[in-house]
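Colleague: So that we are looking at the same thing, I have put the structure below in structure tokens.
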Amino acid sequence: MKHKFLGLLLVSLIPVMGNSQNIFLNEFATTHQMTPFDKIQKSYYEEAVDSGIAEQRAQIDNITRQRSMPDFDNTIVALENCGATLNRVLNVFYPLLSADADDELMEISTRIAPKLSELSTDISLNEQLWERIKYVYDNREKLGITGEDLMLLQNTYDGFARSGANLQGDDREEYRKIESQLSQLTLQFSQNCLKEQNKCEMWLTKDDLAGLPESAIAAYALAAKNKGREGEYLVTVSYPSYSPFMKYSSRADLREKLYLLYNTRNTKGEYSNLEIIKKISALRLRKAQLLGASSYAEFSLQRSMAETPANVYALLDQLRDAYLPAWKRELKELTEFASKLEGKKVTLNAWDYSFYYNKLKDSKYSINDEELRPYFELNNTINGVFGLATKLYGLQFTENQNIIVYNPEVKGYDVTDSDGNFVGIIYTDFFPRETKRSGAWMTDFRSQKINAAGINIRPHVSITMNFTRPTEDKPSLLTFGEVETFLHEFGHALHGLLANTKYSSLSGTNVYRDFVELPSQFNENFLVEKEFLDGFARHYLTGEPMPEELVNKIIASAQFGAAYACIRQLNFGYLDMAWHTITAPVDDPVAFEKQAIKDVLQFPVPDGCAISPQFSHIFSGGYAAGYYSYKWAEVLDADAFAAFKEHGIFDPATARSFKENILMKGGTVHPMTLYKAFRGKEPTVDALLARDGIAKPTKKSKKSKK
């Protein structure tokens with residue numbers, strides 16, 4: 001998941017008033033201007049935000065009050081380079097709010113949110129500023145604006161138009177109120193999710209451990225010990241804790257208990273999000289209506305590869321129709337297997353799927369996560385994942401212990417190219433904490449740009465995950481799924497690290513939402529390639545490479561469960577679209593959800609369970625009316641990886657084309673233009689269906705010269 005703070009106009013360099021000790025008020029005086037986390041006092045955040053807001057207001061006034069006729073430099077570039085202090089502090093504050101937040105940081109976020117929302121709205125509704133932008137846009141041909149400059153102008157114009165610049169009178173004031181309310185509600189949604197997650201615990205005794213592997217038992221014992229309850233076992237709803245229990249526990253009653261604990265989060269009590277999602281969806285609808293659209297999805301998708309809700313539904317429906325028959329076959333096989341295993345007829349529930357899926361996979365392919373874990377020791381896996389970028393793009397990653405980090409578990413690496421030139425910094429943060437939200441994401445502390453002096457300012461990116469911790473007697477041994485997640489987030493990181501654009505707002509992952517997942521999901525393809533696994537998958541005790549037989553089993557089992565995985569994602573995609581194609585407010589979120597996902601429902605939903613109240617992607621994570629992009633990115637990544645399969649997965653020319661046309665260009669060119677420059681054609685679903693075993697691959701045509 002790509003995750004970053006979205007919402008404010010950025011960057012400049014004029015001095016500001018405030019505490020001279022506050023490190024955010026000036027450029028960081030460190031190597032590569034890296035964030036000096038050890039010098040941050042929490043009081044600095046709000047003070048720097050206040051100073052940054054004052055600075056940015058002054059800069060906007062300077063733009064609007066100048067006597068010169070509007071042109072690209074004095075209006076568009078000046079606006080792009082506006083708000084350095086705010087950019088600097090927020091690019092630290094918001095990543096830490098997700099990765100290392102305590103109550104004090106949450107309280108600060110609650111106080112600054114309305115200030116930031118007010119500033120953003122004041123800028124977007126500034127009539128004098130809008131007139132200058134509009135003048136430059138209307139005269140763009142006369143002014144000779146082309147290339148990346150033209151894309152920045154287009155984005156600036158569209159951004160203001162889509163933020164209410166054309167609204168008048170009461171509509172402007174209503175828009176202002178909506179933006180303020182949405183800012184507060186999405187923040188409250190996110191905080192409720194973290195607080196609820198931290199209180200969801202299932203305590204076990206030794207008698208409750210049937211079926212669990214040694215690695216899980218050791219992790220649960222350590223979690224309990226850390227809570228001062230040695231001799232007991234603690235399971236939580238964080239993925240590294242939840243997943244192995246659901247996969248291995250032979251206690252169906254406890255699987256059900258944990259499933260209900262996980263899936264009833266934020267549905268009741270002080271951290272309920274049910275009323276919040278009703279308000280968020282209604283406000284988004286009203287915002288879209290003010291801006292001339294019939295639904296939020298119609299408004300949002302205007303700047304996407306999909307363009308319209310109808311096109312999104314066409315994709316979802318096409319995949320549903322292709323994968324549902326395969327899912328029914330998978331479910332039939334799994335039910336028959338479970339019944340034979342139990343010696344009686346079994347009706348599968350949602351909490352049974354992972355347990356029997358794992359046993360069936362082991363039965364068919366003699367492979368399971370516990371067999372693979374010893375070959376995915378974290379440090380070896382880091383070398384393998386980083387090594388992928390070395391083979392493809394010539395990048396080198398060198399751990400630098402002088403890099404100051406925000407938590408002792410975080411590591412920092414210098415990234416250089418094949419000629420030894422500095423490319424950027426990458427921070428890695430692998431393990432769950434009570435101060436870290438669930439999931440995995442990439443963000444940046446500084447994005448790439450070329451400054452006024454012509455210097456290429458290189459990025460500082462971060463990848464944050466929640467992997468299996470080391471135990472008292474074993475290092476961190478990852479599951480296959482965790483390695484896949486690592487590759488995914490690292491793909492986002494490469495998109496940020498390899499950026500080479502003029503403006504930060506067009507740099508790296510600043511692309512259409514339904515294009516941003518291509519680099520990340522593309523990386524996942526390598527995990528079922530023998531040539532990649534052979535390079536790093538070694539037993540953590542013996543150093544022996546993963547046996548060829550085991551590698552072959554991974555490859556052979558790659559399509560197993562593909563239909564379930566697709567239908568599960570479509571479940572989320574349809575639910576997201578339902579919330580954002582409403583034309584009237586929702587009264588009953590739970591009933592609404594059931595109706596939205598009924599055609600792709602895989603198992604009956606127990607009373608009290610709901611996805612929406614904990615669906616952070618769409619209610620606080622920037623994927624509103626955009627969750628379909630994960631499936632669209634699969635279409636893209638399968639099609640893109642087919643090019644690598646045709647020429648060799650480490651083929652230098654293919655890798656160079658992907659790097660130069662996709663990873664380096666950011667949002668400077670329309671994504672379909674970029675994709676066709678790499679692939680030579682528009683994508684189709686054919687490669688995805690073939691990869692998942694849903695349809696036979698089409699006969700290869702002769703290779704065309706590019």
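Labeling convention for the structure tokens: chains A, B, ... as they appear, residues from 1 per chain, ligands from 1 in order of appearance.
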Excluding same-chain residues fewer than 6 positions from Leu129 (chain A), what lies within 8 Å of it counting only C-alpha atoms, as a list in words?
Modeller: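 What passes the distance filter is Ile60, Ile63, Thr64 and Ile123 of chain A.
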Colleague: Might you pull out every residue within 6 Å of region 486-501 of chain A, with only C-alpha atoms counted and same-chain residues fewer than 4 positions away left off, and present them as a PyMOL selection string?
Modeller: chain A and resi 442+449+459+507-509+519-521+523-524+663-664
Colleague: Select, from A:Met546, A:Met305, A:Cys200, A:Leu290, the residue with the minimum atom-to-atom distance to Tyr375 (chain A), counting only C-alpha atoms.
Modeller: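 That would be A:Met546, the residue with the smallest distance to Tyr375 (chain A).
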Colleague: Just list as an NGL selection string whatever in region 113-184 of chain A DSSP marks as alpha helix (DSSP H).
Modeller: :A and (113-124 or 127-138 or 147-161 or 169-184)
Colleague: If you run DSSP on this backbone, which residues of region 363-566 of chain A come out as strand (DSSP E), and could you give them as an MDAnalysis selection string?
Modeller: chainID A and resid 396:399 411:416 422:429 441:446 449:450 456:457 460:464
Colleague: Output N, CA, C and O atoms for every residue in the selection just made, as a tab-separated table (two decimals), in the first residue's frame.
Modeller:
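Listing of again_8.tsv after writing:
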```tsv
chain	number	residue	atom	x	y	z
A	396	GLN	N	22.61	-0.26	-5.23
A	396	GLN	CA	23.31	-0.86	-4.10
A	396	GLN	C	22.73	-0.29	-2.81
A	396	GLN	O	22.48	0.91	-2.70
A	397	PHE	N	22.57	-1.17	-1.79
A	397	PHE	CA	21.99	-0.77	-0.51
A	397	PHE	C	22.99	-1.07	0.60
A	397	PHE	O	23.39	-2.22	0.80
A	398	THR	N	23.41	-0.02	1.31
A	398	THR	CA	24.42	-0.16	2.35
A	398	THR	C	23.87	0.35	3.66
A	398	THR	O	23.52	1.54	3.78
A	399	GLU	N	23.77	-0.54	4.65
A	399	GLU	CA	23.26	-0.09	5.94
A	399	GLU	C	24.19	0.97	6.52
A	399	GLU	O	25.42	0.82	6.51
A	411	LYS	N	15.94	0.57	10.68
A	411	LYS	CA	17.28	0.66	10.10
A	411	LYS	C	17.26	1.60	8.90
A	411	LYS	O	16.25	1.75	8.22
A	412	GLY	N	18.41	2.24	8.66
A	412	GLY	CA	18.54	3.14	7.53
A	412	GLY	C	19.62	2.67	6.57
A	412	GLY	O	20.67	2.16	7.01
A	413	TYR	N	19.38	2.83	5.27
A	413	TYR	CA	20.32	2.38	4.25
A	413	TYR	C	20.59	3.51	3.26
A	413	TYR	O	19.68	4.22	2.84
A	414	ASP	N	21.87	3.65	2.88
A	414	ASP	CA	22.23	4.51	1.76
A	414	ASP	C	21.99	3.73	0.47
A	414	ASP	O	22.34	2.54	0.37
A	415	VAL	N	21.43	4.39	-0.52
A	415	VAL	CA	21.18	3.75	-1.81
A	415	VAL	C	22.01	4.48	-2.87
A	415	VAL	O	21.96	5.71	-2.96
A	416	THR	N	22.78	3.72	-3.63
A	416	THR	CA	23.62	4.29	-4.69
A	416	THR	C	23.38	3.54	-5.99
A	416	THR	O	22.87	2.42	-5.99
A	422	PHE	N	24.86	8.86	-5.34
A	422	PHE	CA	23.84	8.78	-4.31
A	422	PHE	C	22.46	8.84	-4.93
A	422	PHE	O	22.14	9.74	-5.70
A	423	VAL	N	21.60	7.87	-4.59
A	423	VAL	CA	20.24	7.80	-5.11
A	423	VAL	C	19.23	8.25	-4.06
A	423	VAL	O	18.27	8.95	-4.37
A	424	GLY	N	19.45	7.85	-2.80
A	424	GLY	CA	18.52	8.23	-1.75
A	424	GLY	C	18.75	7.43	-0.49
A	424	GLY	O	19.74	6.71	-0.35
A	425	ILE	N	17.80	7.55	0.44
A	425	ILE	CA	17.83	6.84	1.71
A	425	ILE	C	16.57	5.99	1.80
A	425	ILE	O	15.48	6.43	1.41
A	426	ILE	N	16.70	4.78	2.34
A	426	ILE	CA	15.53	3.97	2.63
A	426	ILE	C	15.58	3.51	4.09
A	426	ILE	O	16.61	3.05	4.58
A	427	TYR	N	14.46	3.72	4.79
A	427	TYR	CA	14.30	3.25	6.17
A	427	TYR	C	13.43	1.99	6.13
A	427	TYR	O	12.45	1.93	5.38
A	428	THR	N	13.77	1.00	6.96
A	428	THR	CA	12.96	-0.21	7.06
A	428	THR	C	12.45	-0.35	8.49
A	428	THR	O	13.21	-0.21	9.45
A	429	ASP	N	11.17	-0.66	8.62
A	429	ASP	CA	10.52	-0.80	9.93
A	429	ASP	C	9.62	-2.03	9.85
A	429	ASP	O	8.54	-1.97	9.28
A	441	TRP	N	2.93	-0.39	4.46
A	441	TRP	CA	2.85	0.77	3.58
A	441	TRP	C	4.23	1.35	3.32
A	441	TRP	O	5.19	1.06	4.02
A	442	MET	N	4.28	2.17	2.30
A	442	MET	CA	5.48	2.95	1.99
A	442	MET	C	5.11	4.42	2.09
A	442	MET	O	3.98	4.83	1.78
A	443	THR	N	6.02	5.21	2.58
A	443	THR	CA	5.83	6.66	2.58
A	443	THR	C	7.20	7.31	2.38
A	443	THR	O	8.21	6.62	2.24
A	444	ASP	N	7.23	8.64	2.34
A	444	ASP	CA	8.53	9.29	2.21
A	444	ASP	C	8.63	10.45	3.20
A	444	ASP	O	7.66	11.13	3.49
A	445	PHE	N	9.84	10.63	3.71
A	445	PHE	CA	10.14	11.78	4.56
A	445	PHE	C	10.57	12.97	3.71
A	445	PHE	O	10.52	14.11	4.16
A	446	ARG	N	11.02	12.69	2.51
A	446	ARG	CA	11.35	13.75	1.56
A	446	ARG	C	11.24	13.18	0.16
A	446	ARG	O	11.74	12.09	-0.12
A	449	LYS	N	13.09	16.08	-6.18
A	449	LYS	CA	12.79	17.21	-7.05
A	449	LYS	C	14.12	17.82	-7.50
A	449	LYS	O	15.19	17.46	-6.99
A	450	ILE	N	14.06	18.72	-8.44
A	450	ILE	CA	15.23	19.51	-8.83
A	450	ILE	C	14.99	20.93	-8.36
A	450	ILE	O	13.98	21.55	-8.72
A	456	ASN	N	19.63	18.10	-8.01
A	456	ASN	CA	18.65	17.02	-7.90
A	456	ASN	C	18.57	16.59	-6.44
A	456	ASN	O	19.46	15.92	-5.92
A	457	ILE	N	17.51	16.99	-5.76
A	457	ILE	CA	17.30	16.64	-4.35
A	457	ILE	C	16.79	15.21	-4.30
A	457	ILE	O	15.73	14.91	-4.82
A	460	HIS	N	14.07	10.45	0.50
A	460	HIS	CA	14.21	9.60	1.70
A	460	HIS	C	12.89	8.87	1.86
A	460	HIS	O	11.86	9.48	2.16
A	461	VAL	N	12.89	7.56	1.64
A	461	VAL	CA	11.65	6.79	1.67
A	461	VAL	C	11.67	5.81	2.83
A	461	VAL	O	12.72	5.48	3.38
A	462	SER	N	10.50	5.32	3.17
A	462	SER	CA	10.36	4.38	4.28
A	462	SER	C	9.38	3.28	3.90
A	462	SER	O	8.37	3.54	3.26
A	463	ILE	N	9.71	2.04	4.29
A	463	ILE	CA	8.77	0.93	4.15
A	463	ILE	C	8.48	0.38	5.54
A	463	ILE	O	9.38	0.12	6.32
A	464	THR	N	7.19	0.26	5.84
A	464	THR	CA	6.74	-0.10	7.18
A	464	THR	C	5.83	-1.31	7.10
A	464	THR	O	4.89	-1.32	6.30
```
Colleague: With a distance cut-off of 10 Å and only C-alpha atoms, select the neighbouring residues of region 349-351 of chain A, excluding the residue or stretch itself and same-chain residues fewer than 3 positions from it, and output the selection as JSON, numbers by chain.
Modeller: {"A": [246, 247, 252, 253, 254, 255, 256, 257, 258, 259, 260, 346, 354, 355, 356, 602, 603, 604, 605, 606]}
Colleague: Grab the residues selected above and save them as a PDB file, in the first residue's frame with N, CA, C and O atoms.
Modeller:
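Contents of out-v2.pdb, as written:
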```pdb
ATOM      1  N   MET A 246      -5.241 -18.674  12.739  1.00  0.00           N
ATOM      2  CA  MET A 246      -6.335 -19.079  11.869  1.00  0.00           C
ATOM      3  C   MET A 246      -5.903 -20.195  10.913  1.00  0.00           C
ATOM      4  O   MET A 246      -6.715 -21.016  10.485  1.00  0.00           O
ATOM      5  N   LYS A 247      -4.633 -20.247  10.619  1.00  0.00           N
ATOM      6  CA  LYS A 247      -4.128 -21.223   9.655  1.00  0.00           C
ATOM      7  C   LYS A 247      -3.856 -22.587  10.294  1.00  0.00           C
ATOM      8  O   LYS A 247      -4.051 -23.627   9.651  1.00  0.00           O
ATOM      9  N   ALA A 252     -11.575 -25.244  16.375  1.00  0.00           N
ATOM     10  CA  ALA A 252     -12.516 -24.441  15.595  1.00  0.00           C
ATOM     11  C   ALA A 252     -13.210 -23.405  16.464  1.00  0.00           C
ATOM     12  O   ALA A 252     -13.519 -22.296  15.996  1.00  0.00           O
ATOM     13  N   ASP A 253     -13.451 -23.749  17.747  1.00  0.00           N
ATOM     14  CA  ASP A 253     -14.118 -22.795  18.632  1.00  0.00           C
ATOM     15  C   ASP A 253     -13.270 -21.561  18.871  1.00  0.00           C
ATOM     16  O   ASP A 253     -13.785 -20.430  18.914  1.00  0.00           O
ATOM     17  N   LEU A 254     -11.952 -21.761  18.986  1.00  0.00           N
ATOM     18  CA  LEU A 254     -11.061 -20.613  19.200  1.00  0.00           C
ATOM     19  C   LEU A 254     -10.828 -19.840  17.911  1.00  0.00           C
ATOM     20  O   LEU A 254     -10.674 -18.614  17.937  1.00  0.00           O
ATOM     21  N   ARG A 255     -10.798 -20.549  16.773  1.00  0.00           N
ATOM     22  CA  ARG A 255     -10.707 -19.837  15.489  1.00  0.00           C
ATOM     23  C   ARG A 255     -11.920 -18.930  15.322  1.00  0.00           C
ATOM     24  O   ARG A 255     -11.799 -17.785  14.885  1.00  0.00           O
ATOM     25  N   GLU A 256     -13.082 -19.453  15.660  1.00  0.00           N
ATOM     26  CA  GLU A 256     -14.305 -18.645  15.568  1.00  0.00           C
ATOM     27  C   GLU A 256     -14.230 -17.444  16.511  1.00  0.00           C
ATOM     28  O   GLU A 256     -14.584 -16.317  16.133  1.00  0.00           O
ATOM     29  N   LYS A 257     -13.757 -17.667  17.708  1.00  0.00           N
ATOM     30  CA  LYS A 257     -13.654 -16.587  18.689  1.00  0.00           C
ATOM     31  C   LYS A 257     -12.725 -15.480  18.187  1.00  0.00           C
ATOM     32  O   LYS A 257     -13.054 -14.287  18.266  1.00  0.00           O
ATOM     33  N   LEU A 258     -11.572 -15.882  17.636  1.00  0.00           N
ATOM     34  CA  LEU A 258     -10.613 -14.889  17.143  1.00  0.00           C
ATOM     35  C   LEU A 258     -11.161 -14.187  15.901  1.00  0.00           C
ATOM     36  O   LEU A 258     -10.993 -12.968  15.735  1.00  0.00           O
ATOM     37  N   TYR A 259     -11.815 -14.948  15.029  1.00  0.00           N
ATOM     38  CA  TYR A 259     -12.416 -14.364  13.833  1.00  0.00           C
ATOM     39  C   TYR A 259     -13.424 -13.277  14.207  1.00  0.00           C
ATOM     40  O   TYR A 259     -13.427 -12.179  13.628  1.00  0.00           O
ATOM     41  N   LEU A 260     -14.268 -13.582  15.181  1.00  0.00           N
ATOM     42  CA  LEU A 260     -15.278 -12.609  15.605  1.00  0.00           C
ATOM     43  C   LEU A 260     -14.624 -11.402  16.268  1.00  0.00           C
ATOM     44  O   LEU A 260     -15.079 -10.262  16.081  1.00  0.00           O
ATOM     45  N   VAL A 346     -18.825 -31.652   6.390  1.00  0.00           N
ATOM     46  CA  VAL A 346     -18.413 -30.366   6.958  1.00  0.00           C
ATOM     47  C   VAL A 346     -18.998 -29.234   6.127  1.00  0.00           C
ATOM     48  O   VAL A 346     -18.949 -29.269   4.893  1.00  0.00           O
ATOM     49  N   SER A 354      -8.801 -20.726   6.130  1.00  0.00           N
ATOM     50  CA  SER A 354      -7.335 -20.769   6.177  1.00  0.00           C
ATOM     51  C   SER A 354      -6.832 -22.112   6.699  1.00  0.00           C
ATOM     52  O   SER A 354      -5.821 -22.643   6.222  1.00  0.00           O
ATOM     53  N   PHE A 355      -7.541 -22.673   7.690  1.00  0.00           N
ATOM     54  CA  PHE A 355      -7.125 -23.934   8.304  1.00  0.00           C
ATOM     55  C   PHE A 355      -7.146 -25.065   7.280  1.00  0.00           C
ATOM     56  O   PHE A 355      -6.147 -25.779   7.079  1.00  0.00           O
ATOM     57  N   TYR A 356      -8.265 -25.246   6.582  1.00  0.00           N
ATOM     58  CA  TYR A 356      -8.368 -26.350   5.626  1.00  0.00           C
ATOM     59  C   TYR A 356      -7.628 -26.043   4.326  1.00  0.00           C
ATOM     60  O   TYR A 356      -7.098 -26.962   3.675  1.00  0.00           O
ATOM     61  N   GLN A 602     -18.303 -14.982  -0.009  1.00  0.00           N
ATOM     62  CA  GLN A 602     -17.708 -16.316  -0.046  1.00  0.00           C
ATOM     63  C   GLN A 602     -18.230 -17.225   1.068  1.00  0.00           C
ATOM     64  O   GLN A 602     -18.317 -18.435   0.898  1.00  0.00           O
ATOM     65  N   PHE A 603     -18.535 -16.629   2.232  1.00  0.00           N
ATOM     66  CA  PHE A 603     -19.075 -17.377   3.356  1.00  0.00           C
ATOM     67  C   PHE A 603     -20.143 -16.520   4.031  1.00  0.00           C
ATOM     68  O   PHE A 603     -20.108 -15.291   3.940  1.00  0.00           O
ATOM     69  N   PRO A 604     -21.102 -17.154   4.729  1.00  0.00           N
ATOM     70  CA  PRO A 604     -22.084 -16.371   5.479  1.00  0.00           C
ATOM     71  C   PRO A 604     -21.398 -15.443   6.483  1.00  0.00           C
ATOM     72  O   PRO A 604     -20.381 -15.808   7.080  1.00  0.00           O
ATOM     73  N   VAL A 605     -21.964 -14.241   6.655  1.00  0.00           N
ATOM     74  CA  VAL A 605     -21.388 -13.256   7.580  1.00  0.00           C
ATOM     75  C   VAL A 605     -22.094 -13.359   8.930  1.00  0.00           C
ATOM     76  O   VAL A 605     -23.313 -13.161   9.009  1.00  0.00           O
ATOM     77  N   PRO A 606     -21.368 -13.676  10.001  1.00  0.00           N
ATOM     78  CA  PRO A 606     -22.002 -13.759  11.329  1.00  0.00           C
ATOM     79  C   PRO A 606     -22.539 -12.394  11.767  1.00  0.00           C
ATOM     80  O   PRO A 606     -22.026 -11.342  11.355  1.00  0.00           O
TER      81      PRO A 606
END
```
Colleague: Between A:Leu194, A:Ala625, A:Ala642, A:Ile277, which residue has the minimum interatomic distance to Val590 (chain A), considering only C-alpha atoms?
Modeller: A:Ile277
Colleague: Name the residues in contact with region 28-44 of chain A at a cut-off of 10 Å, using only C-alpha atoms, excluding same-chain residues fewer than 6 positions from it; report them as number ranges by chain.
Modeller: A: 18-19, 21-22, 50, 88-89, 91-93, 104-105, 108, 402-407, 422, 424-425, 445-446, 457-460
Colleague: With only C-alpha atoms as the atoms that count, which of A:Asn62, A:Leu222, A:Asn198, A:Tyr296 lies nearest to Asp473 (chain A)?
Modeller: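 Checking each candidate against Asp473 (chain A), we get A:Leu222 as the closest.
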Colleague: Any idea what the distance is between CA of Ala690 (chain A) and CA of Ala562 (chain A)?
Modeller: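 Between CA of Ala690 (chain A) and CA of Ala562 (chain A) the gap is 11.2 Å.
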Colleague: Using only C-alpha atoms, pick whichever of A:Tyr512, A:Ser238, A:Asp419, A:Gly394 has the shortest atom-to-atom distance to Gly622 (chain A).
Modeller: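 Looking at the shortest contact to Gly622 (chain A), the residue is A:Tyr512.
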Colleague: Could you give me, as a PyMOL selection string, the residues within 10 Å of Val77 (chain A), counting only C-alpha atoms and dropping anything in the same chain fewer than 5 positions from it?
Modeller: chain A and resi 71-72+82+149+152-153+156+503
Colleague: Keeping only N, CA and C atoms, write those residues as an mmCIF file, in the first residue's frame.
Modeller:
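Wrote it out as result_8.cif, contents follow:
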```cif
data_model
loop_
_atom_site.group_PDB
_atom_site.id
_atom_site.type_symbol
_atom_site.label_atom_id
_atom_site.label_comp_id
_atom_site.auth_asym_id
_atom_site.auth_seq_id
_atom_site.Cartn_x
_atom_site.Cartn_y
_atom_site.Cartn_z
ATOM 1 N N ASP A 71 2.375 34.524 -14.908
ATOM 2 C CA ASP A 71 3.038 33.631 -15.847
ATOM 3 C C ASP A 71 3.375 32.335 -15.116
ATOM 4 N N PHE A 72 3.988 31.415 -15.819
ATOM 5 C CA PHE A 72 4.241 30.100 -15.247
ATOM 6 C C PHE A 72 5.135 30.183 -14.015
ATOM 7 N N CYS A 82 5.843 26.501 -2.472
ATOM 8 C CA CYS A 82 5.240 27.257 -1.379
ATOM 9 C C CYS A 82 5.048 26.356 -0.162
ATOM 10 N N ASP A 149 6.355 20.981 -17.466
ATOM 11 C CA ASP A 149 5.744 22.242 -17.025
ATOM 12 C C ASP A 149 4.244 22.246 -17.315
ATOM 13 N N LEU A 152 2.456 20.069 -14.787
ATOM 14 C CA LEU A 152 2.309 20.758 -13.504
ATOM 15 C C LEU A 152 1.184 21.784 -13.583
ATOM 16 N N LEU A 153 1.119 22.529 -14.678
ATOM 17 C CA LEU A 153 0.046 23.511 -14.858
ATOM 18 C C LEU A 153 -1.320 22.824 -14.876
ATOM 19 N N THR A 156 -2.238 21.648 -11.414
ATOM 20 C CA THR A 156 -2.566 22.779 -10.546
ATOM 21 C C THR A 156 -3.960 23.297 -10.861
ATOM 22 N N TYR A 503 9.622 18.506 -10.558
ATOM 23 C CA TYR A 503 8.779 19.016 -9.469
ATOM 24 C C TYR A 503 8.391 17.893 -8.513
#
```
Colleague: Which residues are close to region 135-148 of chain A, i.e. within 12 Å by only C-alpha atoms, leaving aside same-chain residues fewer than 6 positions away? Reply as number ranges by chain.
Modeller: A: 69-77, 128-129, 154-158, 160-161, 500-507, 665-670
Colleague: Which of these residues is nearest to Leu315 (chain A), using only C-alpha atoms: A:Tyr628, A:Pro671, A:Ala453, A:Ala687?
Modeller: A:Tyr628
Colleague: CA of Lys177 (chain A) to CA of Tyr94 (chain A): how many Å, to one decimal?
Modeller: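 Separation between CA of Lys177 (chain A) and CA of Tyr94 (chain A): 22.8 Å.
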